[in-house]
file start.csv (CSV, C-alpha atoms and all ligand atoms)
chain,number,residue,atom,x,y,z
A,1484,MET,CA,31.7,-29.7,44.8
A,1485,THR,CA,28.1,-29.0,45.4
A,1486,SER,CA,26.0,-28.8,42.3
A,1487,LEU,CA,23.4,-26.1,42.5
A,1488,MET,CA,20.1,-25.8,40.5
A,1489,LYS,CA,20.4,-23.1,37.9
A,1490,THR,CA,18.7,-20.1,39.5
A,1491,GLN,CA,15.9,-18.3,37.7
A,1492,GLY,CA,16.9,-15.0,36.1
A,1493,THR,CA,16.4,-12.0,38.3
A,1494,THR,CA,17.6,-9.2,36.1
A,1495,GLU,CA,16.1,-7.8,32.9
A,1496,ASP,CA,19.0,-9.2,30.9
A,1497,ASP,CA,18.6,-12.7,32.6
A,1498,ILE,CA,15.0,-12.8,31.5
A,1499,THR,CA,16.0,-11.8,27.9
A,1500,ALA,CA,18.6,-14.6,27.8
A,1501,GLU,CA,16.2,-17.2,29.2
A,1502,VAL,CA,13.5,-16.3,26.7
A,1503,LEU,CA,16.0,-16.5,23.8
A,1504,ARG,CA,17.1,-19.9,25.1
A,1505,ARG,CA,13.6,-21.2,25.1
A,1506,PHE,CA,13.4,-20.7,21.4
A,1507,ASP,CA,16.7,-22.6,20.7
A,1508,ALA,CA,14.9,-25.8,20.0
A,1509,THR,CA,12.7,-24.4,17.3
A,1510,ASN,CA,13.0,-26.8,14.4
A,1511,ASP,CA,12.4,-24.3,11.6
A,1512,PRO,CA,15.6,-22.2,11.4
A,1513,ARG,CA,13.8,-19.3,9.9
A,1514,LEU,CA,11.2,-19.2,12.6
A,1515,ARG,CA,13.9,-19.5,15.2
A,1516,ARG,CA,15.7,-16.6,13.8
A,1517,ILE,CA,12.6,-14.5,13.5
A,1518,MET,CA,11.4,-15.3,17.1
A,1519,GLN,CA,14.8,-14.7,18.7
A,1520,SER,CA,15.4,-11.5,16.8
A,1521,LEU,CA,11.9,-10.3,17.7
A,1522,VAL,CA,12.5,-11.0,21.4
A,1523,ARG,CA,15.9,-9.3,21.3
A,1524,HIS,CA,14.4,-6.1,19.7
A,1525,VAL,CA,11.2,-6.0,21.8
A,1526,HIS,CA,13.1,-6.4,25.0
A,1527,ALA,CA,15.7,-3.8,24.0
A,1528,PHE,CA,12.9,-1.4,23.2
A,1529,VAL,CA,11.2,-2.0,26.5
A,1530,LYS,CA,14.5,-1.5,28.4
A,1531,ASP,CA,15.4,1.5,26.3
A,1532,VAL,CA,12.2,3.5,27.1
A,1533,GLU,CA,11.9,1.9,30.6
A,1534,LEU,CA,8.2,1.1,29.8
A,1535,THR,CA,5.9,1.8,32.7
A,1536,GLU,CA,3.1,-0.7,33.5
A,1537,ALA,CA,0.5,1.9,32.5
A,1538,GLU,CA,2.2,2.3,29.1
A,1539,TRP,CA,2.4,-1.4,28.7
A,1540,MET,CA,-1.3,-1.7,29.3
A,1541,ALA,CA,-2.0,1.2,26.9
A,1542,ALA,CA,0.0,-0.7,24.2
A,1543,ILE,CA,-2.1,-3.8,24.8
A,1544,LYS,CA,-5.3,-1.8,24.5
A,1545,PHE,CA,-4.0,-0.1,21.4
A,1546,LEU,CA,-3.2,-3.3,19.7
A,1547,SER,CA,-6.5,-4.9,20.8
A,1548,GLU,CA,-8.4,-1.9,19.4
A,1549,THR,CA,-6.4,-2.2,16.2
A,1550,GLY,CA,-7.6,-5.8,15.8
A,1551,HIS,CA,-11.2,-5.0,16.7
A,1552,MET,CA,-11.2,-2.3,13.8
A,1553,CYS,CA,-10.4,-5.0,11.3
A,1554,ASP,CA,-13.0,-6.7,9.1
A,1555,ASP,CA,-13.4,-7.6,5.4
A,1556,LYS,CA,-13.6,-3.8,4.5
A,1557,ARG,CA,-11.2,-2.3,7.0
A,1558,GLN,CA,-7.6,-3.3,7.7
A,1559,GLU,CA,-6.3,-1.2,10.6
A,1560,PHE,CA,-3.2,-3.4,11.0
A,1561,ILE,CA,-2.1,-2.7,7.5
A,1562,LEU,CA,-2.7,1.0,8.2
A,1563,LEU,CA,-0.6,0.7,11.3
A,1564,SER,CA,2.2,-1.0,9.4
A,1565,ASP,CA,1.9,1.6,6.6
A,1566,THR,CA,2.1,4.6,9.0
A,1567,LEU,CA,5.0,3.2,10.9
A,1568,GLY,CA,6.9,2.8,7.6
A,1569,VAL,CA,7.2,-1.0,8.1
A,1570,SER,CA,5.3,-1.8,4.9
A,1571,MET,CA,7.7,0.3,2.8
A,1572,VAL,CA,10.8,-1.3,4.5
A,1573,VAL,CA,9.3,-4.8,3.7
A,1574,ASP,CA,8.6,-3.6,0.2
A,1575,LEU,CA,12.1,-2.3,-0.4
A,1576,ILE,CA,13.7,-5.5,1.0
A,1577,ASN,CA,11.5,-7.8,-1.1
A,1578,HIS,CA,11.4,-5.9,-4.4
A,1579,ARG,CA,14.8,-4.7,-5.5
A,1580,ALA,CA,13.7,-4.2,-9.1
A,1581,PRO,CA,16.5,-4.1,-11.7
A,1582,GLU,CA,17.1,-0.9,-13.5
A,1583,GLY,CA,14.2,-0.1,-15.8
A,1584,ALA,CA,11.5,-2.4,-14.1
A,1585,THR,CA,8.6,-0.6,-12.6
A,1586,GLU,CA,9.1,-0.1,-8.8
A,1587,SER,CA,6.6,-1.4,-6.3
A,1588,THR,CA,5.0,0.4,-3.5
A,1589,VAL,CA,2.6,-0.3,-0.7
A,1590,PHE,CA,-0.5,-2.5,-1.3
A,1591,GLY,CA,-2.5,-0.4,1.2
A,1592,PRO,CA,-5.6,-1.4,3.1
A,1593,PHE,CA,-8.2,-0.7,0.4
A,1594,HIS,CA,-7.8,-3.4,-2.2
A,1595,ARG,CA,-10.9,-5.6,-2.7
A,1596,ASP,CA,-11.2,-8.8,-4.7
A,1597,GLY,CA,-13.8,-9.1,-7.4
A,1598,ALA,CA,-13.3,-5.9,-9.4
A,1599,PRO,CA,-15.1,-6.2,-12.7
A,1600,GLU,CA,-13.3,-7.1,-15.9
A,1601,MET,CA,-13.5,-4.1,-18.3
A,1602,PRO,CA,-12.8,-3.5,-22.0
A,1603,ALA,CA,-10.1,-1.0,-23.0
A,1604,GLY,CA,-11.4,2.4,-22.1
A,1605,GLY,CA,-13.9,1.1,-19.6
A,1606,ASN,CA,-15.0,3.7,-17.0
A,1607,ILE,CA,-14.2,2.6,-13.4
A,1608,ALA,CA,-15.9,5.8,-12.0
A,1609,PRO,CA,-19.3,5.9,-13.6
A,1610,ARG,CA,-21.0,7.3,-10.5
A,1611,ASP,CA,-18.5,10.0,-9.7
A,1612,ALA,CA,-20.1,13.1,-11.2
A,1613,LYS,CA,-17.8,15.5,-9.4
A,1614,GLY,CA,-14.4,14.2,-10.5
A,1615,ILE,CA,-12.5,15.4,-13.5
A,1616,PRO,CA,-12.8,12.7,-16.2
A,1617,THR,CA,-9.4,11.2,-16.9
A,1618,ILE,CA,-7.9,8.8,-19.3
A,1619,VAL,CA,-4.9,6.8,-18.1
A,1620,SER,CA,-3.1,5.0,-20.9
A,1621,GLY,CA,0.2,3.3,-21.6
A,1622,HIS,CA,1.8,0.0,-22.2
A,1623,VAL,CA,3.0,-3.0,-20.3
A,1624,LEU,CA,6.5,-3.8,-21.5
A,1625,THR,CA,9.4,-6.1,-21.0
A,1626,LEU,CA,12.8,-4.9,-19.7
A,1627,ASP,CA,13.9,-4.6,-23.3
A,1628,GLY,CA,10.9,-2.6,-24.3
A,1629,LYS,CA,8.8,-5.3,-26.0
A,1630,PRO,CA,5.0,-5.2,-25.5
A,1631,ILE,CA,3.4,-7.8,-23.2
A,1632,ALA,CA,0.0,-8.7,-24.6
A,1633,GLY,CA,-2.7,-10.0,-22.3
A,1634,ALA,CA,-1.2,-8.5,-19.1
A,1635,ARG,CA,-3.7,-7.9,-16.4
A,1636,LEU,CA,-4.1,-4.6,-14.6
A,1637,ASP,CA,-6.0,-4.5,-11.4
A,1638,VAL,CA,-6.8,-0.9,-10.8
A,1639,TRP,CA,-8.4,0.9,-7.8
A,1640,GLN,CA,-8.5,4.4,-6.4
A,1641,ALA,CA,-10.3,6.8,-4.1
A,1642,ASP,CA,-13.2,8.9,-5.5
A,1643,SER,CA,-13.3,12.7,-5.9
A,1644,SER,CA,-14.2,13.0,-2.2
A,1645,GLY,CA,-11.0,11.1,-1.3
A,1646,LEU,CA,-12.9,8.0,-0.1
A,1647,TYR,CA,-12.7,4.4,-1.3
A,1648,ASP,CA,-16.0,2.5,-1.9
A,1649,SER,CA,-15.4,0.4,1.2
A,1650,GLN,CA,-15.5,3.5,3.4
A,1651,TYR,CA,-19.2,4.2,2.6
A,1652,ALA,CA,-21.2,2.5,5.3
A,1653,HIS,CA,-24.5,2.4,3.4
A,1654,THR,CA,-23.3,0.2,0.5
A,1655,ASP,CA,-21.2,-2.8,-0.4
A,1656,GLU,CA,-21.0,-1.9,-4.1
A,1657,LEU,CA,-17.7,-1.9,-5.8
A,1658,HIS,CA,-16.8,1.5,-7.4
A,1659,LEU,CA,-13.6,2.9,-8.8
A,1660,ARG,CA,-12.2,-0.6,-9.3
A,1661,GLY,CA,-11.6,-2.6,-12.5
A,1662,GLN,CA,-9.5,-5.2,-14.2
A,1663,PHE,CA,-8.1,-4.5,-17.7
A,1664,ARG,CA,-6.0,-6.5,-20.1
A,1665,THR,CA,-3.4,-5.2,-22.5
A,1666,ASP,CA,-4.0,-5.6,-26.2
A,1667,LYS,CA,-1.6,-7.2,-28.7
A,1668,ASP,CA,0.6,-4.1,-28.6
A,1669,GLY,CA,0.8,-4.2,-24.8
A,1670,ALA,CA,-1.5,-1.1,-24.6
A,1671,PHE,CA,-4.1,-0.4,-22.0
A,1672,LEU,CA,-6.7,2.4,-21.6
A,1673,VAL,CA,-8.5,3.1,-18.4
A,1674,ARG,CA,-11.2,5.8,-17.9
A,1675,THR,CA,-11.5,7.2,-14.4
A,1676,ILE,CA,-11.4,10.5,-12.6
A,1677,ARG,CA,-8.3,12.5,-11.6
A,1678,PRO,CA,-7.2,11.2,-8.3
A,1679,VAL,CA,-7.2,13.6,-5.3
A,1680,TYR,CA,-5.1,13.7,-2.2
A,1681,TYR,CA,-6.9,12.0,0.7
A,1682,ALA,CA,-6.6,11.4,4.5
A,1683,ILE,CA,-6.1,7.9,5.6
A,1684,PRO,CA,-8.9,6.8,8.1
A,1685,THR,CA,-8.4,8.7,11.3
A,1686,ASP,CA,-11.4,7.3,13.3
A,1687,GLY,CA,-9.4,4.4,14.8
A,1688,PRO,CA,-6.3,3.8,16.9
A,1689,VAL,CA,-4.0,4.7,14.0
A,1690,GLY,CA,-5.7,8.1,13.7
A,1691,ARG,CA,-5.2,8.7,17.4
A,1692,MET,CA,-1.6,7.8,17.1
A,1693,LEU,CA,-1.1,10.3,14.3
A,1694,THR,CA,-2.9,13.0,16.3
A,1695,ALA,CA,-1.0,12.3,19.5
A,1696,THR,CA,2.3,12.6,17.5
A,1697,ASN,CA,1.4,15.7,15.6
A,1698,ARG,CA,1.5,13.9,12.2
A,1699,HIS,CA,-0.9,14.6,9.3
A,1700,PRO,CA,-2.9,11.8,7.7
A,1701,TRP,CA,-2.6,12.9,4.0
A,1702,ARG,CA,-1.6,10.8,1.1
A,1703,PRO,CA,-0.7,12.4,-2.2
A,1704,ALA,CA,-3.1,11.7,-5.1
A,1705,HIS,CA,-2.5,8.3,-6.7
A,1706,ILE,CA,-4.0,5.3,-8.5
A,1707,HIS,CA,-3.3,1.8,-7.4
A,1708,PHE,CA,-2.2,-0.9,-9.8
A,1709,VAL,CA,-1.3,-4.6,-9.6
A,1710,ILE,CA,0.2,-5.6,-13.0
A,1711,SER,CA,0.6,-9.3,-13.8
A,1712,ALA,CA,1.3,-11.5,-16.8
A,1713,PRO,CA,2.3,-15.1,-17.2
A,1714,GLY,CA,6.1,-15.5,-17.1
A,1715,TYR,CA,6.6,-12.2,-15.4
A,1716,GLN,CA,6.9,-11.1,-11.8
A,1717,PRO,CA,3.7,-9.2,-10.8
A,1718,VAL,CA,4.2,-5.6,-9.4
A,1719,THR,CA,2.0,-3.9,-6.9
A,1720,THR,CA,2.4,-0.2,-7.3
A,1721,HIS,CA,0.8,3.3,-7.6
A,1722,ILE,CA,1.1,6.1,-10.1
A,1723,PHE,CA,1.3,9.5,-8.3
A,1724,ASP,CA,0.1,12.9,-9.6
A,1725,ASP,CA,3.4,14.7,-9.9
A,1726,ALA,CA,1.7,18.1,-9.1
A,1727,ASP,CA,0.4,16.9,-5.6
A,1728,PRO,CA,1.3,19.0,-2.6
A,1729,TYR,CA,1.8,16.0,-0.3
A,1730,LEU,CA,4.4,14.1,-2.4
A,1731,GLY,CA,7.1,15.1,0.2
A,1732,SER,CA,5.2,14.0,3.3
A,1733,ASP,CA,3.1,10.9,2.4
A,1734,ALA,CA,1.6,9.6,5.6
A,1735,VAL,CA,2.6,6.0,4.6
A,1736,PHE,CA,6.1,6.8,3.0
A,1737,ALA,CA,5.1,5.2,-0.3
A,1738,VAL,CA,6.3,7.8,-2.8
A,1739,LYS,CA,9.1,6.9,-5.3
A,1740,ASP,CA,10.4,9.2,-8.0
A,1741,SER,CA,10.0,6.6,-10.7
A,1742,LEU,CA,6.2,6.5,-10.1
A,1743,MET,CA,5.5,10.1,-10.9
A,1744,CYS,CA,3.0,10.7,-13.6
A,1745,THR,CA,1.8,14.0,-15.2
A,1746,PHE,CA,-1.9,14.5,-15.4
A,1747,VAL,CA,-2.4,16.9,-18.4
A,1748,ARG,CA,-5.5,19.1,-18.1
A,1749,HIS,CA,-7.4,19.7,-21.4
A,1750,GLU,CA,-9.6,22.8,-21.5
A,1751,SER,CA,-10.8,22.6,-25.1
A,1752,ARG,CA,-12.3,20.2,-27.5
A,1753,ASP,CA,-9.0,19.0,-28.8
A,1754,ASP,CA,-8.0,15.9,-30.7
A,1755,GLU,CA,-7.9,13.8,-27.5
A,1756,ALA,CA,-11.4,15.0,-26.6
A,1757,GLY,CA,-12.7,13.7,-30.0
A,1758,ARG,CA,-10.8,10.5,-29.7
A,1759,PHE,CA,-12.1,9.7,-26.2
A,1760,GLY,CA,-15.5,11.3,-26.6
A,1761,LEU,CA,-14.9,13.6,-23.6
A,1762,GLU,CA,-16.1,17.1,-22.9
A,1763,PRO,CA,-13.5,19.5,-21.5
A,1764,PRO,CA,-12.2,19.9,-18.9
A,1765,PHE,CA,-10.7,16.5,-18.7
A,1766,CYS,CA,-7.2,15.0,-18.0
A,1767,THR,CA,-5.0,12.5,-19.8
A,1768,ALA,CA,-2.1,10.7,-18.1
A,1769,ARG,CA,0.4,8.3,-19.7
A,1770,PHE,CA,2.4,5.7,-17.9
A,1771,ASP,CA,4.3,2.6,-19.1
A,1772,PHE,CA,4.8,-0.3,-16.7
A,1773,VAL,CA,7.8,-2.6,-17.1
A,1774,LEU,CA,7.8,-6.2,-15.8
A,1775,ARG,CA,10.8,-8.4,-15.1
A,1776,PRO,CA,10.7,-12.0,-16.0
A,1777,SER,CA,9.7,-14.6,-13.3
A,1778,ALA,CA,12.6,-16.1,-11.4
A,1779,ARG,CA,13.4,-19.5,-12.8
B,1,FE,FE,-4.7,4.7,-1.9
call {"tool": "encode", "arguments": {"input": "start.csv", "output": "structure tokens"}}
result
Amino acid sequence: MTSLMKTQGTTEDDITAEVLRRFDATNDPRLRRIMQSLVRHVHAFVKDVELTEAEWMAAIKFLSETGHMCDDKRQEFILLSDTLGVSMVVDLINHRAPEGATESTVFGPFHRDGAPEMPAGGNIAPRDAKGIPTIVSGHVLTLDGKPIAGARLDVWQADSSGLYDSQYAHTDELHLRGQFRTDKDGAFLVRTIRPVYYAIPTDGPVGRMLTATNRHPWRPAHIHFVISAPGYQPVTTHIFDDADPYLGSDAVFAVKDSLMCTFVRHESRDDEAGRFGLEPPFCTARFDFVLRPSAR
């Protein structure tokens, strides 16, 4: 019997099978699984839509431009992941919080390291004259309701124009960012401004994708938090203004019912105005965060 050299694949499916085979020898089983699944899904996608060469080149250009938009202040790939819902699917797979623990949501592209440490009641928005002064207070608690003293809260949000500090080209200064600690009762107090709904950046490839697909860029008003404490699993989350018109159509799919927070507007010099030294109008918002213990 004549033995023949194995012929090279000539159909689409032959190519897929051969590419998968090339990854068979990957030593790390997790990497092998990821690469082979990626190849299977990308090939299936290309075959499904019968991608043209022009579309393939447009995709290469799109991803190249996405990379070129990224620097230490702008993360277009996170924005792409967020607007495709990938970030939230990853979040949901990785953070199946037990009943009662604060749910996580997207990290987003706007976190910056180096936010200043602030005392309780410290104002993260001292240069925002237009925003409504707002006090956000609450506790960091265990699953059974006990206070966690010394928990760290890393807080950041957009200003009253809907922009993060990193979106201002003329300055590198940090603004609307701070790090707070809970006191012995697990309590925290942050002074800021009422968050507003804002558009994600639309001046790059992600913005063009949204426009081309008739999607809006709006995110409902929120404040970002990362809460951490020794012995507990940190949580990356937001609190959302429960009166926001975009809660049902967040451009990055990050809204969860458990993260709703009521921002109460005060129009008179009431007790809270006296307590916080604020002139009306101002807002107060209360939210308790619940951490689960670290995995042992
Ligand atoms: Fe945000």
call {"tool": "closest_atom_pairs", "arguments": {"input": "start.csv", "of": "chain A", "to": "ligand FE 1 (chain B)", "cutoff": "8 Å", "atoms": "only C-alpha atoms and all ligand atoms", "output": "JSON lines"}}
result
{"residue": "A:Gly1591", "atom": "CA", "partner": "B:FE1", "partner_atom": "FE", "distance": 6.4}
{"residue": "A:Pro1592", "atom": "CA", "partner": "B:FE1", "partner_atom": "FE", "distance": 7.9}
{"residue": "A:Phe1593", "atom": "CA", "partner": "B:FE1", "partner_atom": "FE", "distance": 6.8}
{"residue": "A:Trp1639", "atom": "CA", "partner": "B:FE1", "partner_atom": "FE", "distance": 7.9}
{"residue": "A:Gln1640", "atom": "CA", "partner": "B:FE1", "partner_atom": "FE", "distance": 5.9}
{"residue": "A:Ala1641", "atom": "CA", "partner": "B:FE1", "partner_atom": "FE", "distance": 6.4}
{"residue": "A:Arg1702", "atom": "CA", "partner": "B:FE1", "partner_atom": "FE", "distance": 7.5}
{"residue": "A:Ala1704", "atom": "CA", "partner": "B:FE1", "partner_atom": "FE", "distance": 7.9}
{"residue": "A:His1705", "atom": "CA", "partner": "B:FE1", "partner_atom": "FE", "distance": 6.4}
{"residue": "A:Ile1706", "atom": "CA", "partner": "B:FE1", "partner_atom": "FE", "distance": 6.7}
{"residue": "A:His1707", "atom": "CA", "partner": "B:FE1", "partner_atom": "FE", "distance": 6.4}
call {"tool": "write_last_selection", "arguments": {"input": "start.csv", "atoms": "C-alpha atoms", "output": "PDB file, in the coordinates of the input"}}
result
ATOM      1  CA  GLY A1591      -2.500  -0.400   1.200  1.00  0.00           C
ATOM      2  CA  PRO A1592      -5.600  -1.400   3.100  1.00  0.00           C
ATOM      3  CA  PHE A1593      -8.200  -0.700   0.400  1.00  0.00           C
ATOM      4  CA  TRP A1639      -8.400   0.900  -7.800  1.00  0.00           C
ATOM      5  CA  GLN A1640      -8.500   4.400  -6.400  1.00  0.00           C
ATOM      6  CA  ALA A1641     -10.300   6.800  -4.100  1.00  0.00           C
ATOM      7  CA  ARG A1702      -1.600  10.800   1.100  1.00  0.00           C
ATOM      8  CA  ALA A1704      -3.100  11.700  -5.100  1.00  0.00           C
ATOM      9  CA  HIS A1705      -2.500   8.300  -6.700  1.00  0.00           C
ATOM     10  CA  ILE A1706      -4.000   5.300  -8.500  1.00  0.00           C
ATOM     11  CA  HIS A1707      -3.300   1.800  -7.400  1.00  0.00           C
TER      12      HIS A1707
END
call {"tool": "residues_around", "arguments": {"input": "start.csv", "residues": "Asp1627 in chain A", "least_positions_apart": "4", "cutoff": "12 Å", "atoms": "only C-alpha atoms", "output": "short mmCIF file (atom, residue, chain, number, x, y, z; two decimals) with C-alpha atoms, keeping the file's coordinate frame"}}
result
data_model
loop_
_atom_site.label_atom_id
_atom_site.label_comp_id
_atom_site.auth_asym_id
_atom_site.auth_seq_id
_atom_site.Cartn_x
_atom_site.Cartn_y
_atom_site.Cartn_z
CA PRO A 1581 16.50 -4.10 -11.70
CA GLU A 1582 17.10 -0.90 -13.50
CA GLY A 1583 14.20 -0.10 -15.80
CA ALA A 1584 11.50 -2.40 -14.10
CA VAL A 1623 3.00 -3.00 -20.30
CA ILE A 1631 3.40 -7.80 -23.20
CA VAL A 1773 7.80 -2.60 -17.10
CA LEU A 1774 7.80 -6.20 -15.80
CA ARG A 1775 10.80 -8.40 -15.10
CA PRO A 1776 10.70 -12.00 -16.00
#
call {"tool": "residues_around", "arguments": {"input": "start.csv", "residues": "range 1689-1696 of chain A", "least_positions_apart": "2", "cutoff": "12 Å", "atoms": "only C-alpha atoms", "output": "JSON, numbers by chain"}}
result
{"A": [1541, 1542, 1545, 1546, 1548, 1549, 1550, 1552, 1553, 1558, 1559, 1560, 1561, 1562, 1563, 1564, 1565, 1566, 1567, 1682, 1683, 1684, 1685, 1686, 1687, 1698, 1699, 1700, 1701, 1734, 1735]}
call {"tool": "residues_near_point", "arguments": {"input": "start.csv", "point": "(1.1, 5.6, -19.4)", "cutoff": "10 Å", "atoms": "only C-alpha atoms", "output": "count of residues only"}}
result
19
call {"tool": "residues_around", "arguments": {"input": "start.csv", "residues": "Met1601 in chain A", "least_positions_apart": "2", "cutoff": "7 Å", "atoms": "only C-alpha atoms", "output": "PyMOL selection string"}}
result
chain A and resi 1599+1603+1605+1661-1663
call {"tool": "atom_distance", "arguments": {"input": "start.csv", "atom1": "CA of Arg1748 in chain A", "atom2": "CA of Phe1765 in chain A"}}
result
5.8 Å
call {"tool": "closest_residue", "arguments": {"input": "start.csv", "among": "A:Val1738, A:Thr1588, A:Asp1642, A:His1551", "to": "Ile1576 in chain A", "atoms": "all atoms listed in the file"}}
result
A:Thr1588
call {"tool": "atom_distance", "arguments": {"input": "start.csv", "atom1": "CA of His1524 in chain A", "atom2": "CA of His1578 in chain A"}}
result
24.3 Å
call {"tool": "residues_around", "arguments": {"input": "start.csv", "residues": "Val1529 in chain A", "least_positions_apart": "4", "cutoff": "12 Å", "atoms": "all atoms listed in the file", "output": "JSON, numbers by chain"}}
result
{"A": [1495, 1496, 1499, 1522, 1523, 1524, 1525, 1533, 1534, 1535, 1536, 1538, 1539, 1542]}
call {"tool": "atom_distance", "arguments": {"input": "start.csv", "atom1": "CA of Pro1512 in chain A", "atom2": "CA of Thr1494 in chain A"}}
result
28.0 Å
call {"tool": "closest_residue", "arguments": {"input": "start.csv", "among": "A:Gly1714, A:Gly1568, A:Pro1630, A:Gly1614", "to": "Ser1644 in chain A", "atoms": "all atoms listed in the file"}}
result
A:Gly1614
call {"tool": "closest_residue", "arguments": {"input": "start.csv", "among": "A:His1658, A:Lys1544, A:His1721, A:Lys1613", "to": "Pro1764 in chain A", "atoms": "all atoms listed in the file"}}
result
A:Lys1613
call {"tool": "closest_residue", "arguments": {"input": "start.csv", "among": "A:Val1589, A:Val1679, A:Val1709, A:Ala1652", "to": "Asp1637 in chain A", "atoms": "all atoms listed in the file"}}
result
A:Val1709
call {"tool": "residues_near_point", "arguments": {"input": "start.csv", "point": "(12.3, 0.1, -5.2)", "cutoff": "8 Å", "atoms": "all atoms listed in the file", "output": "ChimeraX atom specification"}}
result
/A:1574-1575,1578-1580,1586-1588,1739
call {"tool": "closest_residue", "arguments": {"input": "start.csv", "among": "A:Leu1657, A:Ile1615, A:Ala1632, A:Leu1624", "to": "Glu1762 in chain A", "atoms": "only C-alpha atoms"}}
result
A:Ile1615
